[in-house]
$ cat query.tsv   # TSV, C-alpha atoms and all ligand atoms
chain	number	residue	atom	x	y	z
E	288	MET	CA	-90.97	86.97	69.06
E	289	LYS	CA	-94.73	87.29	69.54
E	290	ASN	CA	-96.25	87.27	73.01
E	291	GLU	CA	-99.66	85.70	72.32
E	292	TYR	CA	-100.29	81.99	71.65
E	293	ASN	CA	-103.27	79.65	71.33
E	294	VAL	CA	-101.52	77.15	73.62
E	295	ILE	CA	-98.68	77.62	76.09
E	296	ILE	CA	-97.12	74.44	77.50
E	297	ILE	CA	-94.92	74.87	80.57
E	298	GLY	CA	-92.27	72.14	80.86
E	299	ALA	CA	-90.51	70.03	78.23
E	300	GLY	CA	-90.48	66.70	80.05
E	301	PRO	CA	-92.22	63.68	78.46
E	302	ALA	CA	-95.69	65.14	79.22
E	303	GLY	CA	-95.00	68.56	77.67
E	304	LEU	CA	-93.09	67.17	74.68
E	305	LYS	CA	-95.83	64.63	73.93
E	306	CYS	CA	-98.51	67.32	74.20
E	307	ALA	CA	-96.53	69.55	71.79
E	308	GLU	CA	-96.13	66.62	69.38
E	309	GLY	CA	-99.90	66.09	69.46
E	310	LEU	CA	-100.45	69.74	68.56
E	311	LYS	CA	-97.94	69.67	65.69
E	312	ASN	CA	-99.47	70.97	62.46
E	313	SER	CA	-102.80	71.53	64.23
E	314	GLY	CA	-103.06	75.12	63.02
E	315	LEU	CA	-102.78	76.31	66.63
E	316	SER	CA	-99.84	78.48	67.66
E	317	VAL	CA	-97.95	76.70	70.47
E	318	LEU	CA	-95.25	77.97	72.82
E	319	LEU	CA	-93.31	75.29	74.74
E	320	ILE	CA	-91.35	76.79	77.64
E	321	GLU	CA	-88.54	74.97	79.46
E	322	LYS	CA	-86.39	76.38	82.25
E	323	ASN	CA	-83.35	74.21	81.45
E	324	LYS	CA	-80.86	74.65	78.62
E	325	ILE	CA	-80.76	70.96	77.72
E	326	ILE	CA	-83.98	69.04	77.22
E	327	GLY	CA	-84.15	65.54	78.68
E	328	PRO	CA	-82.02	65.09	81.80
E	329	LYS	CA	-84.11	64.50	84.93
E	330	VAL	CA	-83.62	62.58	88.17
E	331	CYS	CA	-85.27	59.33	87.11
E	332	ALA	CA	-84.43	55.62	86.82
E	333	GLY	CA	-85.95	55.41	83.32
E	334	GLY	CA	-87.90	52.16	83.80
E	335	LEU	CA	-90.83	51.56	81.44
E	336	THR	CA	-93.40	48.81	81.84
E	337	ASN	CA	-95.73	47.91	79.03
E	338	LEU	CA	-97.91	50.94	79.82
E	339	ASP	CA	-95.91	52.77	77.15
E	340	ALA	CA	-96.81	50.06	74.60
E	341	HIS	CA	-98.35	52.26	71.96
E	342	PHE	CA	-95.50	54.79	72.02
E	343	ASP	CA	-92.61	54.26	69.64
E	344	ILE	CA	-89.83	54.45	72.23
E	345	PRO	CA	-86.67	53.83	70.15
E	346	SER	CA	-85.51	50.27	70.75
E	347	ASN	CA	-81.84	51.11	70.01
E	348	LYS	CA	-81.90	53.49	73.00
E	349	THR	CA	-83.31	51.05	75.53
E	350	ARG	CA	-82.16	47.99	77.44
E	351	VAL	CA	-84.80	45.33	77.67
E	352	PHE	CA	-85.22	42.81	80.50
E	353	GLU	CA	-87.34	39.68	80.42
E	354	LYS	CA	-86.37	38.50	83.88
E	355	ALA	CA	-86.23	40.20	87.27
E	356	LYS	CA	-84.88	39.26	90.66
E	357	MET	CA	-86.92	40.47	93.62
E	358	TYR	CA	-85.56	40.32	97.16
E	359	VAL	CA	-87.97	40.42	100.09
E	360	VAL	CA	-85.49	41.00	102.93
E	361	LYS	CA	-82.99	38.21	102.10
E	362	ARG	CA	-85.28	35.83	100.23
E	363	LYS	CA	-84.90	35.94	96.45
E	364	TYR	CA	-87.67	35.49	93.86
E	365	ASP	CA	-86.71	34.84	90.23
E	366	ILE	CA	-89.44	36.26	88.06
E	367	LYS	CA	-90.04	35.85	84.35
E	368	LEU	CA	-91.71	39.05	83.21
E	369	SER	CA	-94.89	38.57	81.20
E	370	THR	CA	-93.95	41.64	79.15
E	371	PRO	CA	-90.37	42.85	79.13
E	372	ILE	CA	-89.40	46.00	81.02
E	373	LYS	CA	-87.41	48.65	79.15
E	374	ILE	CA	-84.89	51.07	80.56
E	375	ILE	CA	-84.14	54.38	78.87
E	376	ASP	CA	-81.82	57.26	79.70
E	377	ARG	CA	-83.89	60.42	80.15
E	378	TYR	CA	-81.47	62.47	78.05
E	379	ASP	CA	-82.03	60.07	75.14
E	380	LEU	CA	-85.80	60.10	75.61
E	381	GLY	CA	-85.93	63.92	75.76
E	382	GLN	CA	-83.74	64.40	72.70
E	383	TYR	CA	-85.68	61.79	70.73
E	384	MET	CA	-88.98	63.50	71.51
E	385	LEU	CA	-87.54	66.96	70.84
E	386	ASN	CA	-86.34	65.79	67.45
E	387	LYS	CA	-89.92	64.98	66.51
E	388	LEU	CA	-90.83	68.67	66.85
E	389	LYS	CA	-87.96	69.85	64.65
E	390	ASP	CA	-89.88	70.41	61.41
E	391	SER	CA	-93.05	71.84	62.97
E	392	LYS	CA	-94.12	75.27	61.80
E	393	ASN	CA	-96.55	76.07	64.62
E	394	ILE	CA	-94.39	75.22	67.68
E	395	THR	CA	-91.93	77.67	69.23
E	396	ILE	CA	-89.58	76.27	71.86
E	397	LEU	CA	-88.22	78.65	74.45
E	398	LYS	CA	-85.44	77.13	76.58
E	399	GLU	CA	-83.69	78.62	79.62
E	400	THR	CA	-86.93	80.39	80.51
E	401	LEU	CA	-88.39	80.11	83.99
E	402	VAL	CA	-92.13	80.59	84.45
E	403	LYS	CA	-92.41	82.67	87.59
E	404	SER	CA	-96.14	83.20	87.99
E	405	ILE	CA	-99.52	82.71	86.36
E	406	GLU	CA	-102.36	85.18	86.09
E	407	LYS	CA	-105.65	85.00	84.22
E	408	ASN	CA	-104.77	84.15	80.59
E	409	ARG	CA	-101.12	85.19	80.91
E	410	ILE	CA	-97.86	84.04	82.45
E	411	LYS	CA	-94.82	85.93	83.70
E	412	THR	CA	-91.47	84.42	82.80
E	413	SER	CA	-87.80	85.34	83.07
E	414	LYS	CA	-88.08	86.42	79.41
E	415	GLY	CA	-91.26	88.45	79.59
E	416	ILE	CA	-95.03	88.09	79.65
E	417	PHE	CA	-96.95	85.71	77.33
E	418	HIS	CA	-100.70	85.44	76.80
E	419	PHE	CA	-102.56	82.17	76.20
E	420	LYS	CA	-105.94	80.82	75.23
E	421	TYR	CA	-105.10	77.40	76.69
E	422	LEU	CA	-102.40	76.70	79.27
E	423	VAL	CA	-100.89	73.23	79.80
E	424	GLY	CA	-99.06	72.64	83.08
E	425	ALA	CA	-96.44	70.00	82.26
E	426	ASP	CA	-94.04	71.36	84.84
E	427	GLY	CA	-93.54	68.31	87.02
E	428	ALA	CA	-94.01	67.51	90.71
E	429	SER	CA	-93.47	71.11	91.92
E	430	SER	CA	-95.82	72.58	89.32
E	431	VAL	CA	-96.50	76.32	89.44
E	432	VAL	CA	-99.63	75.71	87.35
E	433	ARG	CA	-101.05	73.22	89.85
E	434	LYS	CA	-100.28	75.68	92.64
E	435	TYR	CA	-102.12	78.44	90.75
E	436	ILE	CA	-105.19	76.18	90.42
E	437	GLY	CA	-104.98	75.59	94.18
E	438	LEU	CA	-104.63	71.80	94.28
E	439	GLU	CA	-102.85	69.99	97.09
E	440	ASN	CA	-100.09	67.42	96.42
E	441	LYS	CA	-99.22	63.95	97.66
E	442	ILE	CA	-95.45	63.81	97.41
E	443	TYR	CA	-93.42	60.60	97.33
E	444	MET	CA	-89.63	60.58	96.95
E	445	GLY	CA	-87.02	58.78	94.92
E	446	ILE	CA	-83.29	58.79	95.64
E	447	GLN	CA	-80.69	57.10	93.49
E	448	TYR	CA	-77.03	56.57	92.74
E	449	ILE	CA	-75.88	56.86	89.15
E	450	ILE	CA	-73.10	54.27	89.15
E	451	PRO	CA	-70.55	54.28	86.30
E	452	GLU	CA	-70.31	50.45	86.52
E	453	MET	CA	-72.58	48.52	84.12
E	454	CYS	CA	-74.79	45.82	85.59
E	455	ASP	CA	-76.73	43.05	83.84
E	456	GLU	CA	-79.49	42.15	86.27
E	457	PHE	CA	-82.83	43.87	86.78
E	458	ILE	CA	-83.34	43.89	90.54
E	459	GLY	CA	-86.02	44.99	93.01
E	460	PHE	CA	-85.74	44.83	96.77
E	461	ILE	CA	-88.11	45.28	99.65
E	462	ASN	CA	-87.52	45.42	103.37
E	463	PRO	CA	-90.87	46.33	104.96
E	464	LYS	CA	-89.49	46.87	108.49
E	465	LEU	CA	-86.94	49.39	107.22
E	466	ILE	CA	-88.42	51.10	104.16
E	467	SER	CA	-92.11	50.51	104.92
E	468	SER	CA	-93.94	49.78	101.66
E	469	GLY	CA	-91.28	51.52	99.56
E	470	TYR	CA	-88.96	49.52	97.34
E	471	GLY	CA	-85.47	49.64	95.95
E	472	TRP	CA	-84.17	48.97	92.46
E	473	ILE	CA	-81.12	48.32	90.37
E	474	PHE	CA	-81.90	49.35	86.78
E	475	PRO	CA	-79.04	48.72	84.35
E	476	HIS	CA	-78.76	51.31	81.57
E	477	LYS	CA	-76.58	51.15	78.47
E	478	LYS	CA	-73.78	53.26	79.96
E	479	PHE	CA	-74.42	53.29	83.70
E	480	THR	CA	-76.54	51.74	86.44
E	481	SER	CA	-79.27	53.43	88.45
E	482	ALA	CA	-79.70	52.09	91.97
E	483	GLY	CA	-82.28	53.73	94.17
E	484	ILE	CA	-85.21	53.66	96.55
E	485	PHE	CA	-88.76	54.96	96.11
E	486	PHE	CA	-90.61	55.73	99.35
E	487	ASN	CA	-93.23	57.73	101.23
E	488	PRO	CA	-91.32	60.55	103.01
E	489	LYS	CA	-94.04	60.64	105.69
E	490	LEU	CA	-93.07	57.10	106.72
E	491	VAL	CA	-89.31	57.02	106.02
E	492	SER	CA	-86.75	59.85	106.16
E	493	VAL	CA	-84.41	60.49	103.23
E	494	ALA	CA	-81.42	59.72	105.49
E	495	ASP	CA	-82.89	56.34	106.53
E	496	ALA	CA	-83.82	55.48	102.94
E	497	ARG	CA	-80.24	56.17	101.89
E	498	ILE	CA	-78.87	53.94	104.66
E	499	GLN	CA	-81.14	51.09	103.48
E	500	LEU	CA	-80.01	51.61	99.90
E	501	ASN	CA	-76.34	51.52	100.97
E	502	ASN	CA	-76.95	48.36	103.03
E	503	PHE	CA	-78.62	46.57	100.14
E	504	LEU	CA	-75.91	47.58	97.65
E	505	ASP	CA	-73.21	46.46	100.13
E	506	ASP	CA	-74.91	43.06	100.49
E	507	TYR	CA	-75.47	42.76	96.74
E	508	GLY	CA	-71.87	43.79	96.03
E	509	LEU	CA	-72.40	46.85	93.82
E	510	ASP	CA	-69.78	49.55	94.38
E	511	TYR	CA	-71.33	53.03	94.66
E	512	SER	CA	-68.24	54.90	95.92
E	513	ASN	CA	-67.81	56.77	92.60
E	514	ALA	CA	-71.52	57.29	92.05
E	515	ARG	CA	-73.49	60.53	91.70
E	516	TYR	CA	-76.15	60.77	94.41
E	517	GLU	CA	-79.42	62.54	93.60
E	518	GLY	CA	-83.10	62.59	94.50
E	519	GLY	CA	-86.39	64.17	93.65
E	520	PRO	CA	-90.14	64.23	94.35
E	521	VAL	CA	-93.04	62.76	92.40
E	522	ASN	CA	-96.66	63.80	92.83
E	523	CYS	CA	-99.26	61.04	93.16
E	524	LEU	CA	-102.49	62.95	93.88
E	525	PHE	CA	-104.64	63.03	90.76
E	526	LYS	CA	-107.52	65.52	90.80
E	527	GLY	CA	-108.33	65.85	87.10
E	528	ILE	CA	-106.73	67.17	83.94
E	529	GLN	CA	-108.97	70.06	82.92
E	530	PHE	CA	-109.72	73.19	84.91
E	531	ASP	CA	-111.53	75.55	82.54
E	532	ASN	CA	-108.89	76.63	79.98
E	533	ILE	CA	-106.00	75.18	82.01
E	534	PHE	CA	-104.85	71.56	81.68
E	535	LEU	CA	-102.50	69.52	83.86
E	536	VAL	CA	-100.47	66.58	82.56
E	537	GLY	CA	-97.86	64.15	83.93
E	538	ASP	CA	-96.51	64.76	87.41
E	539	ALA	CA	-98.16	68.20	87.51
E	540	ALA	CA	-101.48	66.31	87.37
E	541	GLY	CA	-100.35	63.94	90.15
E	542	LEU	CA	-100.17	61.08	87.71
E	543	THR	CA	-97.33	58.98	89.13
E	544	SER	CA	-98.21	55.62	90.71
E	545	ALA	CA	-97.55	55.88	94.46
E	546	ASN	CA	-96.96	52.14	94.42
E	547	LEU	CA	-94.32	51.80	91.69
E	548	GLY	CA	-93.12	55.38	91.19
E	549	GLU	CA	-93.84	54.90	87.50
E	550	GLY	CA	-94.70	58.24	85.86
E	551	ILE	CA	-93.26	58.37	82.32
E	552	SER	CA	-96.05	56.37	80.66
E	553	TYR	CA	-98.69	58.42	82.48
E	554	ALA	CA	-96.92	61.61	81.37
E	555	LEU	CA	-96.84	60.49	77.71
E	556	THR	CA	-100.46	59.37	77.72
E	557	SER	CA	-101.83	62.47	79.45
E	558	GLY	CA	-99.79	64.75	77.16
E	559	GLU	CA	-101.21	63.02	74.11
E	560	GLU	CA	-104.79	63.02	75.42
E	561	VAL	CA	-104.73	66.71	76.36
E	562	ALA	CA	-103.47	67.65	72.89
E	563	ARG	CA	-106.46	65.76	71.42
E	564	LYS	CA	-108.83	67.49	73.84
E	565	ILE	CA	-107.51	70.95	72.91
E	566	ILE	CA	-107.93	70.21	69.20
E	567	ASN	CA	-111.38	68.68	69.72
E	568	PRO	CA	-113.12	69.68	73.00
E	569	ASP	CA	-115.61	66.79	72.51
E	570	TYR	CA	-112.79	64.21	72.53
E	571	LYS	CA	-113.44	61.55	75.19
E	572	ILE	CA	-110.39	60.65	77.27
E	573	VAL	CA	-110.13	56.85	77.05
E	574	GLU	CA	-106.55	55.68	77.33
E	575	LEU	CA	-105.75	57.86	80.33
E	576	ASN	CA	-108.83	56.51	82.11
E	577	ARG	CA	-107.49	52.98	81.57
E	578	LEU	CA	-104.16	53.99	83.12
E	579	LEU	CA	-105.96	55.66	86.03
E	580	LYS	CA	-107.65	52.32	86.82
E	581	ILE	CA	-104.20	50.68	86.98
E	582	LYS	CA	-102.87	53.45	89.20
E	583	LYS	CA	-105.88	53.03	91.50
E	584	LEU	CA	-105.50	49.26	91.73
E	585	GLN	CA	-101.78	49.58	92.56
E	586	GLU	CA	-102.43	52.30	95.13
E	587	ASN	CA	-105.19	50.26	96.81
E	588	VAL	CA	-102.64	47.45	97.31
E	589	LEU	CA	-100.20	50.01	98.71
E	590	TYR	CA	-102.90	51.37	101.03
E	591	LEU	CA	-103.56	47.87	102.35
E	592	PHE	CA	-99.84	47.25	102.95
E	593	ASP	CA	-99.43	50.62	104.68
E	594	ARG	CA	-102.36	49.82	107.00
E	595	LEU	CA	-100.88	46.45	108.00
E	596	PRO	CA	-97.23	47.22	108.84
E	597	PHE	CA	-96.73	44.04	110.91
E	598	LEU	CA	-98.09	41.81	108.16
E	599	GLN	CA	-96.14	43.46	105.36
E	600	GLU	CA	-93.34	40.92	105.11
E	601	PRO	CA	-95.60	37.85	104.75
E	602	LEU	CA	-97.90	39.86	102.45
E	603	PHE	CA	-94.98	40.79	100.21
E	604	ARG	CA	-93.90	37.12	100.11
E	605	ILE	CA	-97.39	36.10	99.00
E	606	PHE	CA	-97.41	39.01	96.55
E	607	PHE	CA	-94.16	37.94	94.87
E	608	SER	CA	-95.14	34.27	94.83
E	609	LEU	CA	-98.25	35.39	92.90
E	610	PHE	CA	-96.14	37.76	90.84
E	611	LYS	CA	-94.42	34.76	89.27
E	612	LYS	CA	-97.72	34.03	87.51
E	613	THR	CA	-98.17	35.66	84.12
E	614	TRP	CA	-101.88	36.33	84.68
E	615	PHE	CA	-101.15	38.17	87.93
E	616	GLN	CA	-98.46	40.38	86.37
E	617	SER	CA	-100.68	41.14	83.40
E	618	HIS	CA	-103.50	42.21	85.65
E	619	TYR	CA	-101.36	44.20	88.09
E	620	PHE	CA	-99.38	46.07	85.45
E	621	TYR	CA	-101.82	46.35	82.58
E	622	LEU	CA	-105.31	45.34	83.72
E	623	SER	CA	-105.29	43.07	80.73
E	624	GLN	CA	-108.08	40.61	80.13
E	625	ILE	CA	-107.38	37.44	82.11
E	626	THR	CA	-107.94	34.52	79.79
E	627	PRO	CA	-107.36	30.85	80.63
E	628	ALA	CA	-104.60	30.84	77.99
E	629	SER	CA	-102.66	33.60	79.70
E	630	ARG	CA	-102.63	31.56	82.90
U	701	LIG	C1	-85.52	59.01	91.62
U	701	LIG	C2	-86.69	58.88	90.66
U	701	LIG	C3	-86.78	57.74	89.86
U	701	LIG	C4	-87.85	57.59	88.97
U	701	LIG	N1	-87.87	56.47	88.18
U	701	LIG	C5	-88.89	56.31	87.31
U	701	LIG	C6	-88.93	55.15	86.47
U	701	LIG	O1	-88.07	54.27	86.53
U	701	LIG	N2	-89.96	55.03	85.58
U	701	LIG	C7	-90.95	55.97	85.48
U	701	LIG	O2	-91.86	55.80	84.67
U	701	LIG	N3	-90.94	57.07	86.27
U	701	LIG	C8	-89.93	57.27	87.18
U	701	LIG	N4	-89.89	58.40	87.95
U	701	LIG	C9	-90.97	59.39	87.80
U	701	LIG	C10	-90.74	60.21	86.52
U	701	LIG	O3	-89.45	60.79	86.56
U	701	LIG	C11	-91.79	61.31	86.39
U	701	LIG	O4	-93.06	60.77	86.67
U	701	LIG	C12	-91.80	61.90	84.98
U	701	LIG	O5	-90.58	62.55	84.73
U	701	LIG	C13	-92.95	62.90	84.84
U	701	LIG	O6	-92.84	63.54	83.58
U	701	LIG	P1	-93.38	65.03	83.41
U	701	LIG	O7	-93.17	65.39	81.99
U	701	LIG	O8	-94.74	65.14	83.98
U	701	LIG	O9	-92.46	65.93	84.37
U	701	LIG	P2	-90.89	66.18	84.34
U	701	LIG	O10	-90.18	65.08	83.69
U	701	LIG	O11	-90.54	66.53	85.74
U	701	LIG	O12	-90.73	67.46	83.41
U	701	LIG	C14	-91.12	68.74	83.87
U	701	LIG	C15	-90.34	69.78	83.07
U	701	LIG	O13	-90.81	71.08	83.42
U	701	LIG	C16	-89.72	71.95	83.60
U	701	LIG	N5	-90.16	73.00	84.53
U	701	LIG	C17	-90.56	72.83	85.82
U	701	LIG	N6	-90.93	74.01	86.35
U	701	LIG	C18	-90.76	74.94	85.38
U	701	LIG	C19	-90.98	76.34	85.33
U	701	LIG	N7	-91.45	77.01	86.39
U	701	LIG	N8	-90.69	77.00	84.19
U	701	LIG	C20	-90.23	76.32	83.10
U	701	LIG	N9	-90.01	74.99	83.08
U	701	LIG	C21	-90.28	74.30	84.21
U	701	LIG	C22	-88.62	71.05	84.18
U	701	LIG	O14	-87.34	71.60	83.97
U	701	LIG	C23	-88.84	69.75	83.40
U	701	LIG	O15	-88.10	69.70	82.21
U	701	LIG	C24	-88.85	58.59	88.87
U	701	LIG	C25	-88.76	59.74	89.68
U	701	LIG	C26	-87.70	59.89	90.56
U	701	LIG	C27	-87.62	61.13	91.41
$ encode --input "query.tsv" --output "structure tokens" --more "lines below"
Ligand SMILES: Cc1cc2nc3c(=O)[nH]c(=O)nc-3n(C[C@H](O)[C@H](O)[C@H](O)COP(=O)(O)OP(=O)(O)OC[C@H]3O[C@@H](n4cnc5c(N)ncnc54)[C@H](O)[C@@H]3O)c2cc1C
Amino acid sequence: MKNEYNVIIIGAGPAGLKCAEGLKNSGLSVLLIEKNKIIGPKVCAGGLTNLDAHFDIPSNKTRVFEKAKMYVVKRKYDIKLSTPIKIIDRYDLGQYMLNKLKDSKNITILKETLVKSIEKNRIKTSKGIFHFKYLVGADGASSVVRKYIGLENKIYMGIQYIIPEMCDEFIGFINPKLISSGYGWIFPHKKFTSAGIFFNPKLVSVADARIQLNNFLDDYGLDYSNARYEGGPVNCLFKGIQFDNIFLVGDAAGLTSANLGEGISYALTSGEEVARKIINPDYKIVELNRLLKIKKLQENVLYLFDRLPFLQEPLFRIFFSLFKKTWFQSHYFYLSQITPASR
């Protein structure tokens, strides 16, 4: 195996896989390094809003929901979703994306290889040293590439139960007094149900978040006694994608929305955009900039809610009353043009 590549991508999550796909048949030699043996599995609820619209996520692998139930404390809001939300198992997503790289001649995939450190134009891994012209950090919320560049993080947390029981309702729940501006979910997959909470660990401890999750599931009547319990960080502090010959994508770039915890669409988009930028340095990032506006809007709302803890409950009630309106959803999720017809 050679030890010099035009592009080295660290991490085969959605960001790294999408970047590799974008570099397929580009004439550049690409090394994609992943520490795990199996590509795909990741602590994640797998929810996709319409931000992923231009990606061909396989419809036979997803569950699609056109309605949601949101609980603000005990009050329920039935919401018709302006664009359906999809749920995908991360193993399925990873394997589907990996399959797209199968017939590429210029991409080498190195699994079970941990990147230990980065130096100028080379990386040290558990399987030796590799040299690069361009490096792409697609290594998630605890990115070694981001650390090498010297950027700080803003870490939010998600915890979840993977419940063997299947569920048929798409649920969100909020209890401002107990989980601050975090929120809980029940996302039904094809073979299991993910039930979890996304929160700011500076405002709520993991132990307290878990108690709130248990309380909600007890009230809702979903049995989690045989569930797998897991959790993980996301990074929400975006500082840019290009740092000389090093790029950051997905969670490594701090591209998850601190409001919704949504990161897959951002990972896919940034991976695709960085591949284009490497092939053509004059390429102007457009789609990612659109997503960044959405992230900013959502995080400004979160900022407001965090600053007004005593008003959160009434604010959330107003928010979900507005959320019933198609035009509001469209704007909040997709910054789509608000036309009289969409109202
Ligand atoms: C509980 C929870 C629920 C979530 N639910 C949702 C949701 O419903 N919808 C949504 O859109 N987002 C959700 N997210 C966020 C989402 O999981 C991430 O934003 C998304 O996975 C980011 O993709 P990525 O490719 O940037 O990073 P990752 O998916 O984290 O991939 C990084 C890859 O890099 C590899 N890696 C890391 N370090 C090294 C190293 N040193 N050497 C080699 N390989 C390395 C890892 O093994 C991994 O495969 C959730 C997150 C959590 C924690």
$ residues_near_ligand --input "query.tsv" --ligand "ligand LIG 701 (chain U)" --cutoff "6 Å" --atoms "all atoms listed in the file" --output "PyMOL selection string"
chain E and resi 297-303+320-323+330-335+400-403+425-427+430-431+444-447+518-521+537-539+543+548-552+554
$ residues_around --input "query.tsv" --residues "stretch 498-500 of chain E" --least-positions-apart "5" --cutoff "10 Å" --atoms "all atoms listed in the file" --output "list in words"
Ile446, Gln447, Tyr448, Phe460, Ile461, Asn462, Leu465, Ile466, Tyr470, Gly471, Trp472, Ala482, Gly483, Ile484, Ser492, Val493, Asp505 and Asp506 of chain E
$ write_last_selection --input "query.tsv" --atoms "C-alpha atoms" --output "PDB file, in the frame of the given file"
ATOM      1  CA  ILE E 446     -83.290  58.790  95.640  1.00  0.00           C
ATOM      2  CA  GLN E 447     -80.690  57.100  93.490  1.00  0.00           C
ATOM      3  CA  TYR E 448     -77.030  56.570  92.740  1.00  0.00           C
ATOM      4  CA  PHE E 460     -85.740  44.830  96.770  1.00  0.00           C
ATOM      5  CA  ILE E 461     -88.110  45.280  99.650  1.00  0.00           C
ATOM      6  CA  ASN E 462     -87.520  45.420 103.370  1.00  0.00           C
ATOM      7  CA  LEU E 465     -86.940  49.390 107.220  1.00  0.00           C
ATOM      8  CA  ILE E 466     -88.420  51.100 104.160  1.00  0.00           C
ATOM      9  CA  TYR E 470     -88.960  49.520  97.340  1.00  0.00           C
ATOM     10  CA  GLY E 471     -85.470  49.640  95.950  1.00  0.00           C
ATOM     11  CA  TRP E 472     -84.170  48.970  92.460  1.00  0.00           C
ATOM     12  CA  ALA E 482     -79.700  52.090  91.970  1.00  0.00           C
ATOM     13  CA  GLY E 483     -82.280  53.730  94.170  1.00  0.00           C
ATOM     14  CA  ILE E 484     -85.210  53.660  96.550  1.00  0.00           C
ATOM     15  CA  SER E 492     -86.750  59.850 106.160  1.00  0.00           C
ATOM     16  CA  VAL E 493     -84.410  60.490 103.230  1.00  0.00           C
ATOM     17  CA  ASP E 505     -73.210  46.460 100.130  1.00  0.00           C
ATOM     18  CA  ASP E 506     -74.910  43.060 100.490  1.00  0.00           C
TER      19      ASP E 506
END
$ closest_residue --input "query.tsv" --among "E:Pro463, E:Ser391, E:Ala514, E:Ile533" --to "E:Val359" --atoms "all atoms listed in the file"
E:Pro463
$ atom_distance --input "query.tsv" --atom1 "atom CA of E:Phe342" --atom2 "atom CA of E:Ile372"
14.0 Å
$ atom_distance --input "query.tsv" --atom1 "atom CA of E:Tyr364" --atom2 "atom CA of E:Trp614"
16.9 Å
$ atom_distance --input "query.tsv" --atom1 "atom CA of E:Arg604" --atom2 "atom CA of E:Leu579"
26.2 Å
$ residues_around --input "query.tsv" --residues "E:Ile449" --least-positions-apart "4" --cutoff "8 Å" --atoms "only C-alpha atoms" --output "list in words"
Phe479, Thr480, Ser481, Ala482, Ala514, Arg515 and Tyr516 of chain E
$ write_last_selection --input "query.tsv" --atoms "C-alpha atoms" --output "PDB file, in the coordinates of the input"
ATOM      1  CA  PHE E 479     -74.420  53.290  83.700  1.00  0.00           C
ATOM      2  CA  THR E 480     -76.540  51.740  86.440  1.00  0.00           C
ATOM      3  CA  SER E 481     -79.270  53.430  88.450  1.00  0.00           C
ATOM      4  CA  ALA E 482     -79.700  52.090  91.970  1.00  0.00           C
ATOM      5  CA  ALA E 514     -71.520  57.290  92.050  1.00  0.00           C
ATOM      6  CA  ARG E 515     -73.490  60.530  91.700  1.00  0.00           C
ATOM      7  CA  TYR E 516     -76.150  60.770  94.410  1.00  0.00           C
TER       8      TYR E 516
END
$ residues_around --input "query.tsv" --residues "E:Leu318" --least-positions-apart "3" --cutoff "9 Å" --atoms "all atoms listed in the file" --output "PyMOL selection string"
chain E and resi 291-297+307+393-397
$ closest_residue --input "query.tsv" --among "E:Ile442, E:Ile325, E:Leu595, E:Leu542" --to "E:Lys526" --atoms "only C-alpha atoms"
E:Leu542
$ residues_near_point --input "query.tsv" --point "(-108.2, 50.5, 86.1)" --cutoff "10 Å" --atoms "all atoms listed in the file" --output "PyMOL selection string"
chain E and resi 575-585+618-623
$ closest_residue --input "query.tsv" --among "E:Lys356, E:Lys420, E:Arg433, E:Lys571" --to "E:Leu535" --atoms "all atoms listed in the file"
E:Arg433
$ residues_around --input "query.tsv" --residues "stretch 366-371 of chain E" --least-positions-apart "2" --cutoff "7 Å" --atoms "all atoms listed in the file" --output "list in words"
Asn337, Val351, Phe352, Glu353, Lys354, Ala355, Lys356, Tyr364, Lys373, Lys611, Thr613, Gln616 and Ser617 of chain E
$ residues_near_point --input "query.tsv" --point "(-80.8, 60.0, 79.4)" --cutoff "8 Å" --atoms "only C-alpha atoms" --output "list in words"
Gly327, Pro328, Lys329, Gly333, Ile375, Asp376, Arg377, Tyr378, Asp379, Leu380 and Gly381 of chain E
$ closest_residue --input "query.tsv" --among "E:Pro451, E:Cys306, E:Leu319, E:Met288" --to "E:Ser512" --atoms "all atoms listed in the file"
E:Pro451
$ closest_residue --input "query.tsv" --among "E:Phe417, E:Phe610, E:Phe503, E:Tyr443" --to "E:Ser429" --atoms "all atoms listed in the file"
E:Tyr443
$ closest_residue --input "query.tsv" --among "E:Leu388, E:Ile405, E:Cys454, E:Val360" --to "E:Gly508" --atoms "only C-alpha atoms"
E:Cys454
